[in-house]
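**Q** Hey, dropping query_15.cif in here, mmCIF, C-alpha atoms:
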data_coords
#
loop_
_atom_site.label_atom_id
_atom_site.label_comp_id
_atom_site.auth_asym_id
_atom_site.auth_seq_id
_atom_site.Cartn_x
_atom_site.Cartn_y
_atom_site.Cartn_z
CA MET A 1 -26.22 1.52 12.18
CA SER A 2 -24.61 3.78 9.59
CA PHE A 3 -21.98 2.88 6.99
CA VAL A 4 -19.60 4.80 4.76
CA LEU A 5 -18.64 2.93 1.60
CA GLY A 6 -15.05 3.26 0.38
CA ILE A 7 -13.85 2.30 -3.12
CA ASP A 8 -10.28 1.97 -4.40
CA THR A 9 -9.38 0.84 -7.93
CA SER A 10 -5.58 0.82 -7.92
CA ASN A 11 -3.23 -0.59 -10.52
CA TYR A 12 -3.19 -4.04 -8.89
CA THR A 13 -6.35 -4.50 -6.80
CA THR A 14 -10.09 -3.83 -6.93
CA SER A 15 -11.18 -2.94 -3.38
CA ALA A 16 -14.27 -1.88 -1.47
CA ALA A 17 -14.82 -1.41 2.25
CA LEU A 18 -17.49 -0.37 4.72
CA TYR A 19 -16.75 1.67 7.84
CA ASP A 20 -19.34 1.36 10.62
CA THR A 21 -19.57 4.82 12.16
CA ARG A 22 -21.09 3.43 15.36
CA THR A 23 -18.66 0.61 16.16
CA ALA A 24 -15.60 1.72 14.11
CA GLU A 25 -15.60 -1.76 12.57
CA VAL A 26 -14.33 -2.22 9.03
CA PHE A 27 -15.53 -4.78 6.50
CA GLN A 28 -13.57 -5.13 3.30
CA SER A 29 -13.48 -7.12 0.09
CA LYS A 30 -10.91 -7.09 -2.72
CA MET A 31 -9.68 -8.92 -5.81
CA LEU A 32 -6.25 -8.82 -7.41
CA LEU A 33 -6.18 -7.86 -11.07
CA PRO A 34 -5.23 -10.86 -13.24
CA VAL A 35 -1.69 -10.86 -14.61
CA LYS A 36 -0.62 -13.24 -17.38
CA PRO A 37 2.22 -15.64 -16.48
CA GLY A 38 5.63 -14.11 -17.09
CA GLU A 39 4.37 -10.52 -17.20
CA LYS A 40 5.60 -7.92 -14.72
CA GLY A 41 2.44 -5.89 -14.26
CA VAL A 42 -0.81 -4.68 -15.79
CA ARG A 43 -1.29 -2.13 -18.57
CA GLN A 44 -3.63 0.71 -17.68
CA SER A 45 -6.10 -0.20 -20.43
CA ASP A 46 -6.29 -3.75 -19.05
CA ALA A 47 -6.57 -2.45 -15.48
CA VAL A 48 -9.56 -0.29 -16.39
CA PHE A 49 -11.28 -3.25 -18.05
CA HIS A 50 -10.65 -5.64 -15.14
CA HIS A 51 -11.83 -3.10 -12.55
CA THR A 52 -15.04 -2.61 -14.54
CA VAL A 53 -15.65 -6.36 -14.44
CA GLN A 54 -14.50 -6.97 -10.86
CA LEU A 55 -15.94 -4.03 -8.94
CA PRO A 56 -19.56 -5.33 -8.99
CA GLN A 57 -18.27 -8.70 -7.71
CA VAL A 58 -16.25 -7.03 -4.96
CA ILE A 59 -19.19 -4.91 -3.78
CA SER A 60 -21.48 -7.96 -3.82
CA SER A 61 -18.96 -9.89 -1.70
CA LEU A 62 -18.72 -6.92 0.68
CA ARG A 63 -22.50 -6.93 1.09
CA GLU A 64 -22.36 -10.57 2.19
CA LYS A 65 -19.52 -9.95 4.67
CA ALA A 66 -21.33 -7.01 6.24
CA GLY A 67 -24.65 -8.84 6.42
CA GLY A 68 -26.26 -6.45 3.95
CA PHE A 69 -26.14 -2.73 3.38
CA SER A 70 -28.65 -1.64 6.01
CA ARG A 71 -27.76 2.00 5.48
CA ILE A 72 -25.09 3.88 3.56
CA ASP A 73 -24.79 7.50 4.58
CA GLY A 74 -21.69 8.40 2.62
CA VAL A 75 -19.37 7.31 -0.18
CA SER A 76 -15.63 7.91 -0.48
CA VAL A 77 -13.20 7.01 -3.22
CA SER A 78 -9.58 7.23 -4.27
CA THR A 79 -9.30 9.31 -7.44
CA ARG A 80 -5.52 9.59 -7.93
CA PRO A 81 -2.28 7.98 -6.76
CA ARG A 82 -1.04 10.90 -4.64
CA ASN A 83 -2.47 14.16 -3.37
CA ILE A 84 -0.40 16.40 -5.65
CA ASP A 85 -1.09 18.29 -8.86
CA GLY A 86 -0.82 16.12 -11.96
CA SER A 87 -1.13 12.81 -10.14
CA TYR A 88 -3.30 10.65 -12.39
CA MET A 89 -3.82 7.05 -13.48
CA PRO A 90 -6.76 5.91 -15.64
CA CYS A 91 -7.53 2.92 -13.38
CA PHE A 92 -8.90 5.23 -10.67
CA THR A 93 -11.61 6.54 -13.01
CA VAL A 94 -13.55 3.27 -12.59
CA GLY A 95 -13.92 3.70 -8.85
CA HIS A 96 -14.53 7.44 -9.19
CA SER A 97 -17.36 6.98 -11.69
CA THR A 98 -18.98 4.27 -9.57
CA ALA A 99 -18.77 6.40 -6.43
CA ARG A 100 -20.36 9.39 -8.18
CA ILE A 101 -23.25 7.24 -9.42
CA LEU A 102 -23.85 5.75 -5.96
CA SER A 103 -23.66 9.16 -4.31
CA ASP A 104 -26.27 10.57 -6.68
CA ILE A 105 -28.60 7.57 -6.45
CA LEU A 106 -28.41 7.33 -2.65
CA ASN A 107 -28.41 11.12 -2.25
CA VAL A 108 -25.47 10.96 0.18
CA PRO A 109 -22.24 13.01 0.31
CA MET A 110 -19.09 11.83 -1.44
CA ARG A 111 -15.49 12.51 -0.48
CA GLU A 112 -12.42 12.12 -2.70
CA PHE A 113 -8.94 11.12 -1.51
CA SER A 114 -5.68 9.86 -2.93
CA HIS A 115 -4.67 6.20 -2.93
CA GLN A 116 -1.67 7.13 -0.79
CA GLU A 117 -3.87 8.80 1.85
CA GLY A 118 -5.91 5.61 1.99
CA HIS A 119 -2.80 3.53 2.67
CA ILE A 120 -1.73 5.84 5.49
CA ALA A 121 -5.19 5.87 7.10
CA ALA A 122 -5.48 2.08 6.89
CA ALA A 123 -2.10 1.70 8.57
CA LEU A 124 -3.13 4.06 11.39
CA TYR A 125 -6.40 2.16 11.87
CA SER A 126 -4.78 -1.26 11.85
CA SER A 127 -1.91 -0.29 14.18
CA GLY A 128 -4.23 1.42 16.66
CA ARG A 129 -2.72 4.88 16.09
CA LEU A 130 -5.69 6.88 14.85
CA GLU A 131 -4.72 9.69 17.23
CA LEU A 132 -1.97 10.52 14.74
CA MET A 133 -4.61 11.81 12.34
CA ASN A 134 -4.32 15.06 14.28
CA SER A 135 -0.53 14.91 14.68
CA ARG A 136 2.73 15.01 12.76
CA PHE A 137 4.50 11.81 11.82
CA ILE A 138 6.64 10.11 9.17
CA ALA A 139 4.85 7.75 6.80
CA PHE A 140 6.42 5.28 4.38
CA HIS A 141 4.42 4.17 1.34
CA VAL A 142 6.29 1.21 -0.13
CA SER A 143 4.67 -0.73 -2.97
CA GLY A 144 5.03 -1.76 -6.58
CA GLY A 145 4.41 1.76 -7.81
CA THR A 146 5.75 3.88 -4.96
CA THR A 147 8.68 3.96 -2.59
CA GLU A 148 8.34 7.20 -0.67
CA ALA A 149 8.72 8.65 2.78
CA LEU A 150 6.67 11.67 3.79
CA ILE A 151 6.24 14.01 6.69
CA VAL A 152 2.51 13.86 7.31
CA SER A 153 0.38 16.31 9.22
CA GLY A 154 -3.09 15.00 9.93
CA ASN A 155 -5.86 17.55 9.51
CA GLY A 156 -8.64 15.43 11.01
CA SER A 157 -10.20 14.20 7.78
CA GLY A 158 -7.14 13.77 5.57
CA PHE A 159 -3.43 14.45 5.38
CA ASP A 160 -1.03 17.16 4.31
CA CYS A 161 2.01 15.33 2.99
CA GLU A 162 5.53 16.56 2.24
CA LEU A 163 7.76 14.22 0.26
CA ILE A 164 11.15 13.92 2.00
CA ALA A 165 12.66 10.73 0.52
CA SER A 166 12.11 8.26 -2.29
CA SER A 167 13.76 5.69 -4.49
CA LEU A 168 15.67 7.28 -7.34
CA ASP A 169 14.90 4.57 -9.88
CA LEU A 170 13.22 1.22 -9.35
CA LYS A 171 10.48 0.91 -6.73
CA ALA A 172 10.80 -1.64 -3.92
CA GLY A 173 7.81 -3.66 -5.11
CA GLN A 174 9.18 -3.68 -8.65
CA ALA A 175 12.51 -5.10 -7.45
CA ILE A 176 10.66 -7.85 -5.60
CA ASP A 177 8.19 -8.64 -8.39
CA ARG A 178 10.84 -8.64 -11.13
CA THR A 179 13.03 -10.97 -9.09
CA ALA A 180 10.10 -13.31 -8.61
CA VAL A 181 9.23 -13.28 -12.32
CA MET A 182 12.83 -14.02 -13.34
CA MET A 183 12.62 -17.12 -11.12
CA GLY A 184 9.38 -18.23 -12.77
CA LEU A 185 7.18 -17.29 -9.80
CA PRO A 186 3.70 -15.72 -10.09
CA PHE A 187 3.06 -11.97 -10.03
CA PRO A 188 2.86 -10.28 -7.56
CA GLY A 189 5.86 -12.04 -6.13
CA GLY A 190 6.26 -10.88 -2.54
CA VAL A 191 4.56 -13.78 -0.80
CA HIS A 192 6.39 -16.30 -2.99
CA LEU A 193 9.81 -14.77 -2.27
CA GLU A 194 9.00 -14.78 1.43
CA GLN A 195 8.17 -18.50 1.33
CA LEU A 196 11.53 -19.23 -0.31
CA ALA A 197 13.53 -16.86 1.88
CA VAL A 198 12.57 -18.60 5.14
CA GLU A 199 14.24 -21.75 3.80
CA CYS A 200 17.63 -20.00 3.55
CA ASP A 201 19.88 -19.97 6.64
CA ASP A 202 22.65 -17.87 5.08
CA THR A 203 23.47 -14.46 6.52
CA ILE A 204 22.91 -11.79 3.88
CA ARG A 205 24.84 -8.53 3.97
CA PHE A 206 23.77 -5.61 1.82
CA LYS A 207 24.73 -1.94 2.03
CA PRO A 208 22.10 0.30 0.44
CA THR A 209 23.03 2.90 -2.16
CA MET A 210 22.05 6.22 -0.59
CA ARG A 211 22.04 9.81 -1.82
CA GLY A 212 21.02 11.96 1.11
CA CYS A 213 17.69 10.53 2.30
CA ASP A 214 16.99 8.93 -1.09
CA CYS A 215 18.09 5.48 -2.22
CA SER A 216 18.73 3.57 -5.45
CA LEU A 217 17.11 0.15 -5.85
CA SER A 218 17.94 -0.84 -9.44
CA GLY A 219 21.10 -2.61 -8.27
CA ILE A 220 18.99 -5.13 -6.36
CA GLU A 221 17.37 -6.47 -9.53
CA ASN A 222 20.73 -6.59 -11.33
CA LYS A 223 22.41 -8.42 -8.45
CA CYS A 224 19.60 -10.97 -8.22
CA ARG A 225 19.86 -11.67 -11.94
CA LYS A 226 23.62 -12.19 -11.62
CA LEU A 227 23.20 -14.47 -8.59
CA LEU A 228 20.80 -16.68 -10.54
CA ALA A 229 23.13 -16.74 -13.56
CA ASP A 230 25.99 -17.78 -11.27
CA GLY A 231 23.98 -20.71 -9.90
CA ALA A 232 22.74 -19.35 -6.56
CA SER A 233 19.69 -21.13 -5.15
CA LYS A 234 16.27 -19.53 -5.46
CA GLN A 235 16.07 -19.53 -1.68
CA TYR A 236 19.28 -17.50 -1.39
CA VAL A 237 18.24 -15.04 -4.12
CA ALA A 238 14.84 -14.55 -2.49
CA LYS A 239 16.41 -13.81 0.88
CA PHE A 240 18.97 -11.50 -0.72
CA CYS A 241 16.25 -9.51 -2.50
CA LEU A 242 14.09 -9.06 0.61
CA THR A 243 17.10 -8.25 2.80
CA ALA A 244 18.31 -5.66 0.29
CA VAL A 245 14.89 -3.98 0.22
CA MET A 246 14.70 -4.07 4.02
CA ASN A 247 18.16 -2.54 4.42
CA SER A 248 17.29 0.16 1.91
CA ILE A 249 14.17 1.12 3.88
CA ILE A 250 16.27 1.13 7.05
CA GLY A 251 18.81 3.35 5.28
CA ILE A 252 16.09 5.84 4.39
CA THR A 253 14.71 5.74 7.94
CA ASP A 254 18.12 6.36 9.51
CA ALA A 255 18.76 9.31 7.18
CA ILE A 256 15.35 10.82 7.88
CA ILE A 257 15.75 10.53 11.65
CA ALA A 258 19.15 12.21 11.37
CA ALA A 259 17.67 15.03 9.28
CA TYR A 260 14.27 15.54 10.89
CA GLY A 261 14.53 14.07 14.38
CA GLN A 262 12.47 11.42 16.14
CA LEU A 263 8.84 11.26 15.06
CA PRO A 264 6.34 8.37 15.04
CA LEU A 265 7.04 6.05 12.09
CA VAL A 266 4.20 4.53 10.06
CA TYR A 267 4.93 1.93 7.38
CA ALA A 268 2.25 1.25 4.75
CA GLY A 269 2.00 -0.39 1.33
CA GLY A 270 2.14 -3.94 0.05
CA VAL A 271 5.89 -4.42 0.53
CA MET A 272 5.47 -3.63 4.23
CA SER A 273 3.27 -6.72 4.66
CA ASP A 274 6.36 -8.93 4.29
CA ALA A 275 7.02 -10.55 7.68
CA MET A 276 10.82 -10.61 7.32
CA ILE A 277 11.03 -6.94 6.36
CA ARG A 278 8.61 -5.97 9.11
CA SER A 279 10.53 -7.92 11.74
CA GLY A 280 13.85 -6.33 10.78
CA ILE A 281 12.43 -2.81 10.95
CA THR A 282 10.44 -3.20 14.18
CA SER A 283 13.46 -4.68 15.95
CA ARG A 284 15.41 -1.53 15.10
CA TYR A 285 12.88 1.25 15.75
CA GLU A 286 10.65 1.43 18.82
CA ALA A 287 8.55 4.09 17.11
CA ALA A 288 7.68 1.87 14.12
CA ASN A 289 3.99 1.18 13.45
CA PHE A 290 2.83 -1.37 10.86
CA ALA A 291 -0.56 -2.30 9.49
CA GLU A 292 -1.63 -5.91 9.47
CA PRO A 293 -1.17 -7.45 5.99
CA ALA A 294 -4.88 -7.10 5.11
CA PHE A 295 -4.60 -3.36 5.76
CA SER A 296 -1.10 -2.97 4.31
CA CYS A 297 -1.65 -4.27 0.79
CA ASP A 298 -3.96 -2.27 -1.48
CA ASN A 299 -7.32 -1.84 0.22
CA ALA A 300 -10.26 0.55 0.51
CA ALA A 301 -10.45 0.49 4.32
CA GLY A 302 -8.50 3.70 4.75
CA ILE A 303 -10.61 5.42 2.09
CA ALA A 304 -13.81 4.42 3.93
CA LEU A 305 -12.37 5.64 7.23
CA LEU A 306 -11.30 8.99 5.77
CA GLY A 307 -14.75 9.40 4.24
CA ALA A 308 -16.42 8.76 7.58
CA LYS A 309 -14.21 11.31 9.32
CA GLY A 310 -14.72 13.87 6.59
CA ILE A 311 -18.49 13.47 6.42
CA PHE A 312 -19.30 13.00 10.10
CA ASN A 313 -16.33 14.77 11.74
CA LEU A 314 -15.61 11.67 13.84
#
Please lay out the structure from this file as structure tokens.
**A**
Amino acid sequence: MSFVLGIDTSNYTTSAALYDTRTAEVFQSKMLLPVKPGEKGVRQSDAVFHHTVQLPQVISSLREKAGGFSRIDGVSVSTRPRNIDGSYMPCFTVGHSTARILSDILNVPMREFSHQEGHIAAALYSSGRLELMNSRFIAFHVSGGTTEALIVSGNGSGFDCELIASSLDLKAGQAIDRTAVMMGLPFPGGVHLEQLAVECDDTIRFKPTMRGCDCSLSGIENKCRKLLADGASKQYVAKFCLTAVMNSIIGITDAIIAAYGQLPLVYAGGVMSDAMIRSGITSRYEAANFAEPAFSCDNAAGIALLGAKGIFNL
């Protein structure tokens, strides 16, 4: 049995995963970074501190889930948000430093990837579409820090990505989290909005604000604030927010298909774990592929998989 260890220290989650090169099984462990009540996120200095504290706990938990680390033949890590020049966040230095130490101590190869590549690989693994790692497809990365659509060309051990659409202002996850916080709900707010939204039977209509293939999302937060001020129920506001985000993603998808033609669609990132949003998109596009929630939210599974493919040419 041979494992590749993957590490991801994003702005919201400390993650580690093991990829079994023999069985293609993935074990993973993760912890959300703590956010104080009423706050809308985590400062980078705090994120670095919490990752430093949490990463040993996460790796220890991973060891238990995998039944021990019988053999680690490679280490992989996310070192930046996206695979472009200048992409940098301090929180990724914690995982990078840890991976370098482990690689040196174990005398095994190390591979570096972007956080975004990890999301895409995890979505392909979870949706059973790993063959796309050698193909061309459209990938959505929709989270608290990113709302992007890319044309992706798999190169076997990673991805060449071309940005073709994005949000022009607020990110989808920010709109969701800020709406949750204004209603007194915990951060991150997606799961809490979803629980409220299912209690609302009203039909929500929302036309996204588009500019070519891009969209604007700041109006969603403003509208939710106004709805609450006007006395709308939390259930209605939650459903409005999620519907507005869903329709915006659909708007981007429609524009991309019109501009670039039909290609396989892969949806990744924490926002894409929302059941209502996922249902609305899959009912519209036969080519849509989604990761299961455990592989859609921040995780190191895709990083471990990419490392295994890069090291062993799987």
**Q** Residue by residue, what does the PyMOL selection byres ((chain A and resi 97-101) around 12) grab here? Present the result as a ChimeraX atom specification.
**A** /A:4-9,16,48,51-52,55-56,59,74-79,90-96,102-113,303-304,307
**Q** Using the chain letters and numbers from the file, give me the residues hit by the PyMOL selection byres ((chain A and resi 273) around 8), as a PyMOL selection string.
**A** chain A and resi 269-272+274-275+277-278+291-293+296-297
**Q** Starting from the shown file, work through the PyMOL selection byres ((chain A and resi 19) around 9) and note down what comes out as a list in words.
**A** Ser2, Phe3, Val4, Leu5, Gly6, Ala17, Leu18, Asp20, Thr21, Arg22, Thr23, Ala24, Glu25, Val26, Phe27, Gln28, Ala301, Ala304, Leu305, Gly307 and Ala308 of chain A
**Q** So which one's closest to A:Phe240, A:Gly310, A:Gly41, A:Gly219, A:Gly68? Using all atoms listed in the file, please.
**A**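 Using all atoms listed in the file, A:Phe240 sits closest to A:Gly219.
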**Q** What is the distance, in Å and to one decimal place, between atom CA of A:Ile204 and atom CA of A:Ala172?
**A** 17.6 Å
**Q** Atom CA of A:Gly212 to atom CA of A:Ala175: how many Å, to one decimal?
**A**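 Between atom CA of A:Gly212 and atom CA of A:Ala175 the gap is 20.9 Å.
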**Q** One decimal, in Å: what's the spacing between atom CA of A:Ser153 and atom CA of A:Gln262?
**A**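 Pair atom CA of A:Ser153 / atom CA of A:Gln262 returns 14.8 Å.
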**Q** Measuring atom to atom with all atoms listed in the file, identify which of A:Ser60, A:Ser127, A:Gln116, A:Thr243 is nearest to A:Val266.
**A**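 For A:Val266, the nearest of the given residues is A:Ser127.
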**Q** List as a PyMOL selection string: which residues have an atom within 10 Å of (15.3, -2.5, 4.6), counting all atoms listed in the file?
**A** chain A and resi 172+206-208+242-253+272+276-278+280-281
**Q** Smallest atom-to-atom distance to A:Val35: which of A:Leu150, A:Ser61, A:Arg71, A:Gly189, using only C-alpha atoms?
**A**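 Distance minimum relative to A:Val35 lands on A:Gly189.
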**Q** Taking 3 positions as the minimum chain separation for residues in the same chain, which residues sit within 6 Å of stretch 30-33 of chain A when counting only C-alpha atoms? Answer as a PyMOL selection string.
**A** chain A and resi 12-15+58
**Q** Mind checking which residues fall within 10 Å of A:Asn83, counting only C-alpha atoms, ignoring those fewer than 6 positions away in the same chain, and posting them as a ChimeraX atom specification?
**A** /A:113-117,159-161
**Q** Please provide as a PyMOL selection string all residues within 12 Å of A:Asn222, with the sequence filter that same-chain residues fewer than 4 positions apart are discarded (counting all atoms listed in the file).
**A** chain A and resi 170+175-176+178-179+182+216-218+226-229+237+240-241+244
**Q** Counting all atoms listed in the file, which of A:Val181, A:Met89, A:Ile84, A:Ala268 gets nearest to A:Glu148?
**A** A:Ala268
